[in-house]
Amino acid sequence: MARTTGAVLGKQSGRIGQVYGALVHGEQVYRAMPAKPKKTDPSMLPADVLDRRLRFKTLVQLAKTFKSAADLGFDNFRWVKPFISPFNYFVKINKEAVYVRGGESEIDYGSILCAQGSLAPASFGNASFAEPNRISVNFSTTTDLPNADALDKVYVFVYQPDTNLALISAPVTRTEGTVDMRMPVSWTGMTVHVYGFAVGDGRDTKGLVSDSSYIGTGIIG
């Protein structure tokens with residue numbers, strides 16, 4: 001049953017007949033109640049339906065692992081209609097990065113985005129794997145570009161697909177030019193994928209985010 005607050009009809013949250021009321025950032029929104037899915041034996045479903053389910057499952061698993069990056073990189077979208085969460089925006093924007101056919105999934109790691117926005121990006125070089133259990137990434141400061149500030153924070157995100165685990169770096173300022181990260185010893189000999197992005201922290205860039213960059217892949221020494 002819906003709860004109503006305020007004058008007249010007020011603001012409503014909860015079930016109202018066949019719709020559901022909710023307050024999102026102080027604004028009233030309504031959604032249709034989802035239909036109860038029919039239980040179907042998976043063996044009776046067409047192959048394309050099973051492939052779509054696997055694609056969505058793969059995207060959800062990626063979104064869970066990329067959450068620490070997506071929460072920073074897609075945070076602005078939770079404040080703009082239609083009020084989509086960073087998790088859901090990750091799933092939406094990365095649909096084309098996952099290809100499924102015949103029950104087998106393939107991920108294009110180079111096309112995955114974990115941040116998006118108008119902030120000037122840091123210009124990342126290649127990731128270095130020369131040090132055991134460490135990754136080092138150099139980047140150009142790019143403080144002279146529009147929508148950039150020396151105080152902007154630069155992050156590097158590292159994803160290990162075999163374990164479906166990930167790490168995000170501590171932020172460094174745009175002027176530092178290098179991010180160094182220690183990797184788990186258990187990742188030794190494993191392949192990782194590396195991404196980078198910036199979050200504005202200057203007077204005119206506060207709250208802005210850059211598009212993420214795929215820095216590359218390598219094996220942890």
# chains A, B, ... in the order shown; residues from 1 in each chain; ligands from 1
call {"tool": "residues_around", "arguments": {"residues": "range 196-207 of chain A", "least_positions_apart": "6", "cutoff": "10 Å", "atoms": "only C-alpha atoms", "output": "number ranges by chain"}}
result
A: 69, 72-73, 75-76, 113-124, 137, 139, 146-158, 168-169, 171-174, 179, 213-216
call {"tool": "residues_around", "arguments": {"residues": "Tyr109 in chain A", "least_positions_apart": "3", "cutoff": "12 Å", "atoms": "only C-alpha atoms", "output": "PyMOL selection string"}}
result
chain A and resi 59+62+94-99+106+112-114+158-161+191-195+213-217
call {"tool": "select_by_dssp", "arguments": {"residues": "range 16-186 of chain A", "states": "alpha helix (DSSP H)", "output": "PyMOL selection string"}}
result
chain A and resi 47-65+67-73+86-93
call {"tool": "write_last_selection", "arguments": {"atoms": "C-alpha atoms", "output": "PDB file, in the first residue's frame"}}
result
ATOM      1  CA  ALA A  47      18.764 -20.343 -28.444  1.00  0.00           C
ATOM      2  CA  ASP A  48      18.549 -16.584 -29.075  1.00  0.00           C
ATOM      3  CA  VAL A  49      16.604 -16.078 -25.834  1.00  0.00           C
ATOM      4  CA  LEU A  50      19.223 -18.026 -23.886  1.00  0.00           C
ATOM      5  CA  ASP A  51      21.950 -15.944 -25.541  1.00  0.00           C
ATOM      6  CA  ARG A  52      20.217 -12.698 -24.536  1.00  0.00           C
ATOM      7  CA  ARG A  53      19.953 -13.944 -20.955  1.00  0.00           C
ATOM      8  CA  LEU A  54      23.638 -14.868 -20.891  1.00  0.00           C
ATOM      9  CA  ARG A  55      24.572 -11.481 -22.346  1.00  0.00           C
ATOM     10  CA  PHE A  56      22.623  -9.674 -19.644  1.00  0.00           C
ATOM     11  CA  LYS A  57      24.076 -11.927 -16.928  1.00  0.00           C
ATOM     12  CA  THR A  58      27.600 -11.208 -18.182  1.00  0.00           C
ATOM     13  CA  LEU A  59      26.948  -7.456 -18.211  1.00  0.00           C
ATOM     14  CA  VAL A  60      25.572  -7.569 -14.661  1.00  0.00           C
ATOM     15  CA  GLN A  61      28.639  -9.503 -13.461  1.00  0.00           C
ATOM     16  CA  LEU A  62      30.917  -6.935 -15.101  1.00  0.00           C
ATOM     17  CA  ALA A  63      28.921  -4.067 -13.592  1.00  0.00           C
ATOM     18  CA  LYS A  64      29.339  -5.540 -10.109  1.00  0.00           C
ATOM     19  CA  THR A  65      33.106  -5.825 -10.543  1.00  0.00           C
ATOM     20  CA  LYS A  67      31.332  -0.755  -9.466  1.00  0.00           C
ATOM     21  CA  SER A  68      34.156   1.191  -7.804  1.00  0.00           C
ATOM     22  CA  ALA A  69      34.995   2.841 -11.138  1.00  0.00           C
ATOM     23  CA  ALA A  70      31.388   3.240 -12.316  1.00  0.00           C
ATOM     24  CA  ASP A  71      30.322   4.902  -9.056  1.00  0.00           C
ATOM     25  CA  LEU A  72      32.839   7.659  -9.812  1.00  0.00           C
ATOM     26  CA  GLY A  73      32.658   7.660 -13.582  1.00  0.00           C
ATOM     27  CA  PRO A  86      25.816   4.155 -12.170  1.00  0.00           C
ATOM     28  CA  PHE A  87      25.321   0.371 -12.091  1.00  0.00           C
ATOM     29  CA  ASN A  88      22.441   0.433 -14.565  1.00  0.00           C
ATOM     30  CA  TYR A  89      24.171   2.987 -16.773  1.00  0.00           C
ATOM     31  CA  PHE A  90      27.227   0.717 -16.985  1.00  0.00           C
ATOM     32  CA  VAL A  91      25.014  -2.149 -18.175  1.00  0.00           C
ATOM     33  CA  LYS A  92      23.249   0.110 -20.691  1.00  0.00           C
ATOM     34  CA  ILE A  93      26.302   1.745 -22.220  1.00  0.00           C
TER      35      ILE A  93
END
call {"tool": "atom_distance", "arguments": {"atom1": "CA of Ala32 in chain A", "atom2": "CA of Phe74 in chain A"}}
result
25.5 Å
